[in-house]
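The data block below is run-v8.cif; it holds mmCIF, C-alpha atoms and all ligand atoms.
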data_start
loop_
_atom_site.group_PDB
_atom_site.id
_atom_site.type_symbol
_atom_site.label_atom_id
_atom_site.label_comp_id
_atom_site.auth_asym_id
_atom_site.auth_seq_id
_atom_site.Cartn_x
_atom_site.Cartn_y
_atom_site.Cartn_z
ATOM 1 C CA MET A 1 -10.287 -25.292 -18.682
ATOM 2 C CA ASP A 2 -11.723 -21.809 -18.912
ATOM 3 C CA LEU A 3 -8.959 -19.245 -19.657
ATOM 4 C CA ARG A 4 -9.979 -16.987 -16.782
ATOM 5 C CA VAL A 5 -9.823 -19.889 -14.336
ATOM 6 C CA LEU A 6 -6.420 -20.885 -15.697
ATOM 7 C CA LEU A 7 -5.056 -17.362 -15.255
ATOM 8 C CA VAL A 8 -6.306 -17.237 -11.690
ATOM 9 C CA LEU A 9 -4.688 -20.589 -10.966
ATOM 10 C CA LEU A 10 -1.335 -19.498 -12.418
ATOM 11 C CA PHE A 11 -1.371 -16.231 -10.503
ATOM 12 C CA VAL A 12 -2.222 -17.878 -7.191
ATOM 13 C CA LEU A 13 0.460 -20.537 -7.699
ATOM 14 C CA SER A 14 2.950 -17.777 -8.440
ATOM 15 C CA MET A 15 2.069 -15.965 -5.212
ATOM 16 C CA LYS A 16 2.191 -19.143 -3.142
ATOM 17 C CA ALA A 17 5.559 -20.098 -4.565
ATOM 18 C CA GLN A 18 7.015 -16.778 -3.548
ATOM 19 C CA ILE A 19 5.553 -16.976 -0.061
ATOM 20 C CA ASN A 20 7.093 -20.423 0.351
ATOM 21 C CA GLU A 21 10.452 -19.361 -0.969
ATOM 22 C CA ALA A 22 10.336 -16.161 1.106
ATOM 23 C CA ALA A 23 13.101 -14.840 -1.127
ATOM 24 C CA VAL A 24 11.837 -11.286 -1.372
ATOM 25 C CA VAL A 25 8.956 -9.611 0.397
ATOM 26 C CA LEU A 26 7.087 -7.834 -2.282
ATOM 27 C CA PRO A 27 8.272 -8.165 -5.869
ATOM 28 C CA ILE A 28 6.047 -10.673 -7.635
ATOM 29 C CA THR A 29 6.990 -12.532 -10.776
ATOM 30 C CA THR A 30 4.807 -11.128 -13.481
ATOM 31 C CA ILE A 31 2.804 -13.570 -15.536
ATOM 32 C CA PHE A 32 0.121 -11.086 -16.527
ATOM 33 C CA ARG A 33 -0.921 -7.578 -15.643
ATOM 34 C CA ARG A 34 -1.836 -6.906 -12.065
ATOM 35 C CA GLY A 35 -2.789 -3.883 -10.044
ATOM 36 C CA VAL A 36 -0.951 -2.413 -7.103
ATOM 37 C CA CYS A 37 -2.493 0.222 -4.873
ATOM 38 C CA HIS A 38 -0.626 1.737 -1.993
ATOM 39 C CA LEU A 39 -1.073 4.020 0.956
ATOM 40 C CA VAL A 40 2.258 5.277 2.247
ATOM 41 C CA GLY A 41 3.470 7.912 4.671
ATOM 42 C CA GLU A 42 1.247 10.812 5.681
ATOM 43 C CA PRO A 43 -0.675 9.138 3.750
ATOM 44 C CA HIS A 44 0.038 9.350 0.034
ATOM 45 C CA TYR A 45 -2.372 7.236 -1.975
ATOM 46 C CA THR A 46 -1.737 5.744 -5.381
ATOM 47 C CA SER A 47 -4.682 3.985 -6.997
ATOM 48 C CA PHE A 48 -4.502 0.840 -9.126
ATOM 49 C CA ASP A 49 -4.631 3.155 -12.139
ATOM 50 C CA HIS A 50 -1.902 5.455 -10.737
ATOM 51 C CA LEU A 51 -4.013 8.363 -9.518
ATOM 52 C CA THR A 52 -2.093 10.049 -6.687
ATOM 53 C CA PHE A 53 -3.592 12.094 -3.858
ATOM 54 C CA ASP A 54 -3.102 12.799 -0.153
ATOM 55 C CA TRP A 55 -5.771 12.411 2.482
ATOM 56 C CA GLN A 56 -5.406 13.061 6.209
ATOM 57 C CA GLY A 57 -8.660 11.566 7.439
ATOM 58 C CA VAL A 58 -8.783 9.544 10.664
ATOM 59 C CA CYS A 59 -11.754 7.262 10.137
ATOM 60 C CA LYS A 60 -12.076 3.826 8.624
ATOM 61 C CA TYR A 61 -12.123 3.838 4.833
ATOM 62 C CA ASN A 62 -12.951 1.461 2.040
ATOM 63 C CA LEU A 63 -9.550 1.050 0.481
ATOM 64 C CA ALA A 64 -10.411 -1.604 -2.091
ATOM 65 C CA SER A 65 -13.429 -3.856 -2.398
ATOM 66 C CA TYR A 66 -15.042 -6.132 -4.929
ATOM 67 C CA CYS A 67 -18.038 -4.332 -6.387
ATOM 68 C CA GLY A 68 -18.698 -6.574 -9.341
ATOM 69 C CA ARG A 69 -21.581 -8.896 -10.017
ATOM 70 C CA PRO A 70 -22.235 -11.293 -7.136
ATOM 71 C CA SER A 71 -20.724 -14.770 -7.585
ATOM 72 C CA LEU A 72 -18.616 -13.706 -10.575
ATOM 73 C CA LEU A 73 -15.382 -13.532 -8.563
ATOM 74 C CA PRO A 74 -14.402 -14.181 -4.944
ATOM 75 C CA PRO A 75 -15.461 -11.021 -3.083
ATOM 76 C CA PHE A 76 -13.355 -9.104 -0.598
ATOM 77 C CA GLN A 77 -13.364 -5.846 1.302
ATOM 78 C CA ILE A 78 -10.224 -4.098 2.496
ATOM 79 C CA PHE A 79 -10.571 -1.211 4.926
ATOM 80 C CA SER A 80 -7.871 0.995 6.394
ATOM 81 C CA LYS A 81 -8.289 2.684 9.749
ATOM 82 C CA ASN A 82 -6.187 5.830 10.013
ATOM 83 C CA GLU A 83 -5.195 7.930 13.002
ATOM 84 C CA HIS A 84 -3.440 11.206 13.639
ATOM 85 C CA ARG A 85 0.227 10.963 14.406
ATOM 86 C CA LEU A 86 0.720 11.528 18.106
ATOM 87 C CA MET A 87 3.178 14.407 17.899
ATOM 88 C CA ARG A 88 2.017 15.760 14.542
ATOM 89 C CA PRO A 89 -1.781 15.743 14.561
ATOM 90 C CA ALA A 90 -1.995 17.519 11.226
ATOM 91 C CA ALA A 91 -0.889 14.288 9.588
ATOM 92 C CA SER A 92 -2.445 10.850 9.811
ATOM 93 C CA TRP A 93 -1.142 7.342 9.269
ATOM 94 C CA PRO A 94 -2.542 3.811 8.880
ATOM 95 C CA LEU A 95 -3.422 2.273 12.247
ATOM 96 C CA TYR A 96 -4.668 -1.086 11.009
ATOM 97 C CA VAL A 97 -5.919 -2.839 7.910
ATOM 98 C CA GLU A 98 -9.117 -4.873 8.029
ATOM 99 C CA ILE A 99 -9.649 -7.603 5.450
ATOM 100 C CA HIS A 100 -13.027 -9.253 4.931
ATOM 101 C CA PHE A 101 -12.500 -12.441 2.992
ATOM 102 C CA GLY A 102 -13.850 -15.969 2.971
ATOM 103 C CA GLY A 103 -16.204 -15.284 5.857
ATOM 104 C CA ASP A 104 -13.402 -14.055 8.142
ATOM 105 C CA ILE A 105 -12.335 -10.620 9.314
ATOM 106 C CA VAL A 106 -8.552 -10.461 9.400
ATOM 107 C CA VAL A 107 -6.913 -7.424 11.004
ATOM 108 C CA LEU A 108 -3.301 -6.500 10.336
ATOM 109 C CA GLY A 109 -2.293 -4.178 13.159
ATOM 110 C CA SER A 110 0.650 -2.253 14.524
ATOM 111 C CA ASN A 111 2.615 -5.422 15.269
ATOM 112 C CA PRO A 112 3.155 -7.142 11.906
ATOM 113 C CA ALA A 113 4.103 -10.400 13.635
ATOM 114 C CA VAL A 114 0.566 -11.045 14.885
ATOM 115 C CA ILE A 115 -2.944 -10.597 13.537
ATOM 116 C CA THR A 116 -6.479 -11.007 14.740
ATOM 117 C CA VAL A 117 -8.958 -13.284 13.008
ATOM 118 C CA ASN A 118 -12.563 -12.643 13.952
ATOM 119 C CA GLY A 119 -11.301 -10.865 17.053
ATOM 120 C CA VAL A 120 -8.944 -13.642 18.199
ATOM 121 C CA THR A 121 -5.201 -12.930 18.249
ATOM 122 C CA GLN A 122 -3.156 -15.278 16.104
ATOM 123 C CA SER A 123 0.604 -15.512 15.654
ATOM 124 C CA LEU A 124 2.108 -15.832 12.202
ATOM 125 C CA PRO A 125 2.269 -17.776 10.028
ATOM 126 C CA TYR A 126 -1.462 -18.361 10.058
ATOM 127 C CA THR A 127 -3.551 -20.371 7.626
ATOM 128 C CA GLY A 128 -7.245 -19.717 7.252
ATOM 129 C CA GLY A 129 -9.732 -21.628 5.155
ATOM 130 C CA SER A 130 -8.925 -19.820 1.921
ATOM 131 C CA TYR A 131 -5.921 -17.657 2.707
ATOM 132 C CA ASN A 132 -2.717 -17.469 4.652
ATOM 133 C CA VAL A 133 -0.890 -14.693 6.438
ATOM 134 C CA ALA A 134 2.881 -14.675 6.857
ATOM 135 C CA TYR A 135 5.373 -12.378 8.516
ATOM 136 C CA LEU A 136 7.936 -11.417 5.903
ATOM 137 C CA TYR A 137 10.675 -8.868 6.487
ATOM 138 C CA GLY A 138 8.664 -6.496 8.599
ATOM 139 C CA TYR A 139 5.334 -6.982 6.818
ATOM 140 C CA ALA A 140 2.252 -8.978 7.652
ATOM 141 C CA VAL A 141 1.373 -10.405 4.236
ATOM 142 C CA PHE A 142 -2.142 -11.699 3.577
ATOM 143 C CA THR A 143 -2.406 -13.936 0.525
ATOM 144 C CA ALA A 144 -5.662 -15.390 -0.742
ATOM 145 C CA MET A 145 -5.315 -18.965 -1.964
ATOM 146 C CA ILE A 146 -8.320 -19.035 -4.259
ATOM 147 C CA THR A 147 -7.960 -15.733 -6.073
ATOM 148 C CA PRO A 148 -5.229 -13.224 -6.939
ATOM 149 C CA LEU A 149 -5.278 -10.966 -3.906
ATOM 150 C CA ARG A 150 -2.471 -9.949 -1.583
ATOM 151 C CA VAL A 151 -2.400 -7.307 1.148
ATOM 152 C CA SER A 152 0.745 -6.190 2.997
ATOM 153 C CA PHE A 153 1.093 -3.889 5.995
ATOM 154 C CA ASP A 154 4.227 -3.042 7.978
ATOM 155 C CA GLY A 155 2.251 -1.869 10.988
ATOM 156 C CA THR A 156 3.147 1.779 10.749
ATOM 157 C CA ASN A 157 3.683 3.270 7.340
ATOM 158 C CA SER A 158 2.928 1.265 4.228
ATOM 159 C CA VAL A 159 -0.117 -0.627 2.969
ATOM 160 C CA TYR A 160 -0.020 -2.461 -0.361
ATOM 161 C CA VAL A 161 -2.984 -4.098 -2.086
ATOM 162 C CA ARG A 162 -2.278 -6.291 -5.091
ATOM 163 C CA VAL A 163 -4.902 -7.852 -7.315
ATOM 164 C CA GLY A 164 -4.906 -9.812 -10.530
ATOM 165 C CA TYR A 165 -6.267 -8.503 -13.792
ATOM 166 C CA ILE A 166 -9.448 -10.532 -13.448
ATOM 167 C CA TYR A 167 -10.600 -7.856 -11.017
ATOM 168 C CA ALA A 168 -10.207 -5.066 -13.581
ATOM 169 C CA SER A 169 -13.276 -2.787 -13.568
ATOM 170 C CA HIS A 170 -14.817 -4.801 -10.726
ATOM 171 C CA LEU A 171 -13.372 -2.818 -7.814
ATOM 172 C CA CYS A 172 -14.359 0.255 -5.822
ATOM 173 C CA GLY A 173 -12.905 2.288 -2.979
ATOM 174 C CA LEU A 174 -10.029 4.710 -2.593
ATOM 175 C CA CYS A 175 -7.874 2.479 -4.788
ATOM 176 C CA GLY A 176 -10.238 3.023 -7.719
ATOM 177 C CA ASN A 177 -11.895 0.634 -10.114
ATOM 178 C CA PHE A 178 -8.754 -0.721 -11.864
ATOM 179 C CA ASP A 179 -10.023 -0.169 -15.394
ATOM 180 C CA GLY A 180 -6.846 1.405 -16.756
ATOM 181 C CA SER A 181 -8.015 5.028 -16.479
ATOM 182 C CA SER A 182 -6.872 7.222 -13.596
ATOM 183 C CA ALA A 183 -9.388 9.967 -14.445
ATOM 184 C CA ASN A 184 -12.406 8.050 -13.177
ATOM 185 C CA ASP A 185 -10.703 7.176 -9.895
ATOM 186 C CA TRP A 186 -12.017 10.466 -8.519
ATOM 187 C CA GLN A 187 -15.461 8.913 -8.591
ATOM 188 C CA MET A 188 -17.300 8.730 -5.279
ATOM 189 C CA PRO A 189 -19.969 6.145 -4.367
ATOM 190 C CA SER A 190 -22.575 8.692 -5.485
ATOM 191 C CA GLY A 191 -21.186 8.525 -9.005
ATOM 192 C CA LEU A 192 -20.008 12.137 -8.888
ATOM 193 C CA ASN A 193 -16.352 13.093 -9.083
ATOM 194 C CA ALA A 194 -14.606 14.388 -5.970
ATOM 195 C CA VAL A 195 -12.879 17.749 -6.187
ATOM 196 C CA ASP A 196 -9.919 16.682 -4.054
ATOM 197 C CA GLY A 197 -8.492 13.923 -1.886
ATOM 198 C CA THR A 198 -10.439 15.112 1.142
ATOM 199 C CA GLN A 199 -13.818 14.795 -0.531
ATOM 200 C CA LEU A 200 -12.832 11.501 -2.110
ATOM 201 C CA GLY A 201 -11.605 10.129 1.205
ATOM 202 C CA GLU A 202 -14.680 11.182 3.126
ATOM 203 C CA SER A 203 -16.947 9.634 0.539
ATOM 204 C CA TRP A 204 -15.446 6.187 1.181
ATOM 205 C CA THR A 205 -15.829 6.316 4.979
ATOM 206 C CA VAL A 206 -17.262 3.078 6.401
ATOM 207 C CA PRO A 207 -18.947 2.537 9.808
ATOM 208 C CA ASP A 208 -16.412 2.177 12.584
ATOM 209 C CA SER A 209 -17.520 0.760 15.920
ATOM 210 C CA ASP A 210 -14.102 1.572 17.393
ATOM 211 C CA SER A 211 -14.643 5.301 17.055
ATOM 212 C CA VAL A 212 -18.249 6.220 16.507
ATOM 213 C CA ASP A 213 -17.378 9.871 17.043
ATOM 214 C CA CYS A 214 -14.931 9.740 14.191
ATOM 215 C CA PRO A 215 -16.597 12.458 12.082
ATOM 216 C CA LYS A 216 -16.401 14.874 15.035
ATOM 217 C CA ARG A 217 -12.691 14.272 15.544
ATOM 218 C CA ARG A 218 -11.853 14.343 11.881
ATOM 219 C CA LYS A 219 -10.047 17.430 10.701
ATOM 220 C CA ARG A 220 -10.558 18.564 7.187
ATOM 221 C CA ARG A 221 -7.411 19.132 5.217
ATOM 222 C CA ASP A 222 -8.513 20.643 1.968
ATOM 223 C CA VAL A 223 -5.075 22.081 1.332
ATOM 224 C CA PRO A 224 -1.823 20.121 1.175
ATOM 225 C CA LEU A 225 0.174 19.866 4.370
ATOM 226 C CA PRO A 226 2.964 22.450 4.503
ATOM 227 C CA LEU A 227 6.541 21.282 4.398
ATOM 228 C CA LEU A 228 8.286 21.444 7.765
ATOM 229 C CA PRO A 229 11.995 22.134 8.319
ATOM 230 C CA VAL A 230 14.104 19.033 7.718
ATOM 231 C CA ASP A 231 17.663 18.270 8.793
ATOM 232 C CA PRO A 232 19.968 18.774 5.776
ATOM 233 C CA LYS A 233 21.302 15.225 6.183
ATOM 234 C CA VAL A 234 17.771 13.881 5.928
ATOM 235 C CA ALA A 235 17.046 16.106 2.947
ATOM 236 C CA ALA A 236 20.157 14.748 1.244
ATOM 237 C CA VAL A 237 18.770 11.224 1.600
ATOM 238 C CA CYS A 238 15.511 12.318 -0.029
ATOM 239 C CA ASP A 239 17.496 13.803 -2.920
ATOM 240 C CA VAL A 240 18.746 10.301 -3.730
ATOM 241 C CA LEU A 241 15.240 9.627 -5.036
ATOM 242 C CA GLY A 242 16.147 11.890 -7.958
ATOM 243 C CA ASP A 243 19.812 11.002 -8.415
ATOM 244 C CA VAL A 244 20.278 9.053 -11.657
ATOM 245 C CA ASN A 245 23.820 8.167 -10.602
ATOM 246 C CA GLY A 246 22.985 7.221 -7.021
ATOM 247 C CA VAL A 247 22.221 3.861 -5.472
ATOM 248 C CA LEU A 248 18.669 4.138 -6.783
ATOM 249 C CA GLY A 249 19.898 5.209 -10.213
ATOM 250 C CA PRO A 250 18.628 2.179 -12.163
ATOM 251 C CA LEU A 251 15.084 2.963 -11.024
ATOM 252 C CA VAL A 252 15.413 6.753 -11.092
ATOM 253 C CA ARG A 253 16.481 6.589 -14.739
ATOM 254 C CA ASN A 254 13.184 4.854 -15.476
ATOM 255 C CA THR A 255 11.044 7.277 -13.516
ATOM 256 C CA THR A 256 9.309 10.290 -15.027
ATOM 257 C CA GLU A 257 10.399 13.782 -14.044
ATOM 258 C CA ARG A 258 6.971 14.444 -12.551
ATOM 259 C CA ALA A 259 7.125 11.297 -10.434
ATOM 260 C CA ILE A 260 10.658 12.107 -9.275
ATOM 261 C CA LYS A 261 9.567 15.540 -8.062
ATOM 262 C CA LEU A 262 6.576 14.039 -6.276
ATOM 263 C CA ASN A 263 8.700 11.319 -4.646
ATOM 264 C CA ILE A 264 11.204 13.847 -3.305
ATOM 265 C CA TYR A 265 8.447 16.190 -2.152
ATOM 266 C CA ASN A 266 6.648 13.365 -0.332
ATOM 267 C CA CYS A 267 9.923 12.196 1.219
ATOM 268 C CA LEU A 268 10.610 15.688 2.578
ATOM 269 C CA LEU A 269 7.007 16.106 3.712
ATOM 270 C CA ASP A 270 6.979 12.811 5.600
ATOM 271 C CA ALA A 271 10.414 13.509 7.075
ATOM 272 C CA GLY A 272 9.164 16.793 8.458
ATOM 273 C CA TYR A 273 6.204 15.159 10.197
ATOM 274 C CA SER A 274 8.220 12.225 11.530
ATOM 275 C CA ASP A 275 11.336 14.108 12.600
ATOM 276 C CA GLY A 276 13.303 12.346 9.889
ATOM 277 C CA ALA A 277 12.332 8.825 10.898
ATOM 278 C CA SER A 278 10.394 8.204 7.687
ATOM 279 C CA VAL A 279 13.280 8.342 5.201
ATOM 280 C CA TYR A 280 13.746 4.602 5.631
ATOM 281 C CA TYR A 281 10.180 4.059 4.491
ATOM 282 C CA SER A 282 10.519 6.511 1.601
ATOM 283 C CA LEU A 283 13.538 4.702 0.198
ATOM 284 C CA ARG A 284 12.096 1.281 0.812
ATOM 285 C CA HIS A 285 8.788 2.201 -0.802
ATOM 286 C CA PHE A 286 10.478 3.575 -3.918
ATOM 287 C CA ALA A 287 12.711 0.514 -4.251
ATOM 288 C CA VAL A 288 9.964 -2.024 -3.586
ATOM 289 C CA VAL A 289 7.402 -0.513 -5.947
ATOM 290 C CA GLY A 290 10.022 0.337 -8.578
ATOM 291 C CA ASN A 291 11.396 -3.179 -8.614
ATOM 292 C CA GLU A 292 7.902 -4.536 -8.919
ATOM 293 C CA GLU A 293 6.913 -2.217 -11.761
ATOM 294 C CA HIS A 294 10.098 -3.175 -13.610
ATOM 295 C CA ALA A 295 9.944 -6.858 -12.812
ATOM 296 C CA ASN A 296 10.766 -7.727 -16.428
ATOM 297 C CA CYS A 297 13.786 -5.419 -16.627
ATOM 298 C CA ALA A 298 16.764 -6.831 -14.734
ATOM 299 C CA GLU A 299 18.965 -3.775 -15.291
ATOM 300 C CA CYS A 300 16.241 -1.505 -13.902
ATOM 301 C CA GLN A 301 16.223 -3.226 -10.530
ATOM 302 C CA VAL A 302 18.009 -2.145 -7.378
ATOM 303 C CA ASP A 303 19.188 -4.248 -4.461
ATOM 304 C CA LEU A 304 16.997 -3.103 -1.584
ATOM 305 C CA ALA A 305 19.363 -4.442 1.058
ATOM 306 C CA LYS A 306 22.314 -2.557 -0.429
ATOM 307 C CA VAL A 307 20.293 0.616 -0.784
ATOM 308 C CA LEU A 308 19.215 0.612 2.834
ATOM 309 C CA SER A 309 22.560 -0.482 4.236
ATOM 310 C CA SER A 310 24.313 2.284 2.286
ATOM 311 C CA PHE A 311 22.395 4.729 4.476
ATOM 312 C CA GLY A 312 22.919 2.740 7.636
ATOM 313 C CA LEU A 313 19.346 1.519 7.503
ATOM 314 C CA GLY A 314 18.309 -2.095 8.070
ATOM 315 C CA CYS A 315 15.139 -3.800 6.891
ATOM 316 C CA ASN A 316 12.944 -2.766 9.796
ATOM 317 C CA GLY A 317 15.461 -4.211 12.200
ATOM 318 C CA LYS A 318 15.598 -7.508 10.320
ATOM 319 C CA PRO A 319 18.094 -8.890 7.828
ATOM 320 C CA CYS A 320 17.200 -7.798 4.321
ATOM 321 C CA THR A 321 18.263 -11.050 2.699
HETATM 322 CA CA CA B 1 -9.859 3.833 -12.983
#
Write the structure described by the file as structure tokens, please.
Ligand SMILES: [Ca+2]
Amino acid sequence: MDLRVLLVLLFVLSMKAQINEAAVVLPITTIFRRGVCHLVGEPHYTSFDHLTFDWQGVCKYNLASYCGRPSLLPPFQIFSKNEHRLMRPAASWPLYVEIHFGGDIVVLGSNPAVITVNGVTQSLPYTGGSYNVAYLYGYAVFTAMITPLRVSFDGTNSVYVRVGYIYASHLCGLCGNFDGSSANDWQMPSGLNAVDGTQLGESWTVPDSDSVDCPKRRKRRDVPLPLLPVDPKVAAVCDVLGDVNGVLGPLVRNTTERAIKLNIYNCLLDAGYSDGASVYYSLRHFAVVGNEEHANCAECQVDLAKVLSSFGLGCNGKPCT
């Protein structure tokens, strides 16, 4: 059996096993390198190669798509449609995620317990011809069965795209090309590098029949959003993201100083634009991604349920375990 085919098979079996066990939402047992791209909060993007930028656009964007040679790998397109927050129009957030795969268009919307497939509402779990979608702990989780691809959306704050290494250098979109270099993730479809997140985001706009006037409504945000006043109690929760002795300590101790500062800044920024409601997502995002990045380091992991419960936060209203 061809090695590449074997790796794909192992990765897909690993994903399916975890879906069936439903033990944990997002951490995936690592059998070889994979890429994780995420869009979180107001929205903070992190590419497969760890480029970070903010982008407050309100159109539909190519988040991650297969741009390799036709027929080499199973193709897919993942778009995110963003909208302004109702009370804080300076910031935007993910409204829905649109997945083109296996001849279907699957939309993960604001209610993570249901989806639409080719425009028809479907309850979860749902099995398509080459994929399934499950509701797991507040997320709608799309998992391809024939290739290493998983997309998760909680309906309001966090989008995760995970791909196997076979897609390295074969991707395009806001999540980058997944070639191991963050520098070239500024590249726009034109081949030129964007000067900031705004230009990069605009360059990956895709046609959107839901809002054809999108470019007219879009507000440019060439400068970072300003921090807004935050309740001291909320700010104290954000500080936990940098506390090496706190409940997130095992992960904080394995996080760079630069990343810690960015995590706290983003937590405070999101809290300001959500009146404090986003701290749950900030903690959850840090724990979920941190656990996943340190999947091979047991002492680096944190118990997400304990972390959230220590702040009186549940898992999106559901039991964490
Ligand atoms: Ca790259």
Name the residues in contact with Asn177 in chain A at a cut-off of 10 Å, using only C-alpha atoms, excluding same-chain residues fewer than 2 positions from it; report them as a VMD selection string. chain A and resid 47 to 49 64 to 68 167 to 175 179 to 182 184 to 187
Selection near Val279 in chain A, 12 Å with all atoms listed in the file, sequence-local residues under 4 positions removed, as a ChimeraX atom specification: /A:40-41,157,230-231,233-241,263-275,283-286,308,311-314
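What the PyMOL selection byres (((chain A and resi 207) around 12) and not hetatm) matches in the given file is Cys59, Lys60, Tyr61, Asn62, Phe79, Ser80, Lys81, Glu202, Ser203, Trp204, Thr205, Val206, Asp208, Ser209, Asp210, Ser211, Val212, Asp213, Cys214 and Pro215 of chain A.
The smallest atom-to-atom distance between ligand CA 1 (chain B) and any of A:Pro229, A:Pro75, A:Gly164, A:Gly176, using only C-alpha atoms and all ligand atoms, is found for A:Gly176.
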Excluding Asn82 in chain A and any residue of its chain fewer than 3 positions from it, enumerate the residues within 8 Å of it, using only C-alpha atoms, and give them as a PyMOL selection string. chain A and resi 57-60+92-96
Extract, using only C-alpha atoms, all DNA, RNA and protein residues at most 10 Å from Leu248 in chain A, discarding same-chain residues fewer than 5 positions from it, and format them as a list in words. Val240, Leu241, Gly242, Asp243, Arg253, Leu283, Phe286, Ala287, Gly290, Cys300, Gln301, Val302, Asp303, Leu304, Lys306 and Val307 of chain A
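Run against this file, the PyMOL selection byres (((chain A and resi 123) around 10) and not hetatm) gives back Pro112, Ala113, Val114, Ile115, Thr116, Thr121, Gln122, Leu124, Pro125, Tyr126, Val133, Ala134 and Tyr135 of chain A.
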Which one is closest to ligand CA 1 (chain B): A:Thr255, A:Ser152, A:Asn193, A:Asn111? Count all atoms listed in the file. A:Asn193
Using all atoms of range 54-72 of chain A listed in the file and a margin of 4 Å per side, can you give the axis-aligned box centre and edge lengths in Å to one decimal, as lines of an AutoDock Vina configuration file?
center_x = -12.7
center_y = -0.9
center_z = 0.0
size_x = 27.1
size_y = 35.8
size_z = 29.2
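The coordinates place CA of Gln77 in chain A at 15.7 Å from CA of Val141 in chain A.
Take the candidates A:Val244, A:Leu225, A:Glu292, A:Tyr281 and check each one against Gly155 in chain A using only C-alpha atoms; the shortest distance goes to A:Tyr281.
Taking CA of His294 in chain A as the reference point, CA of Leu63 in chain A is found at 24.5 Å.
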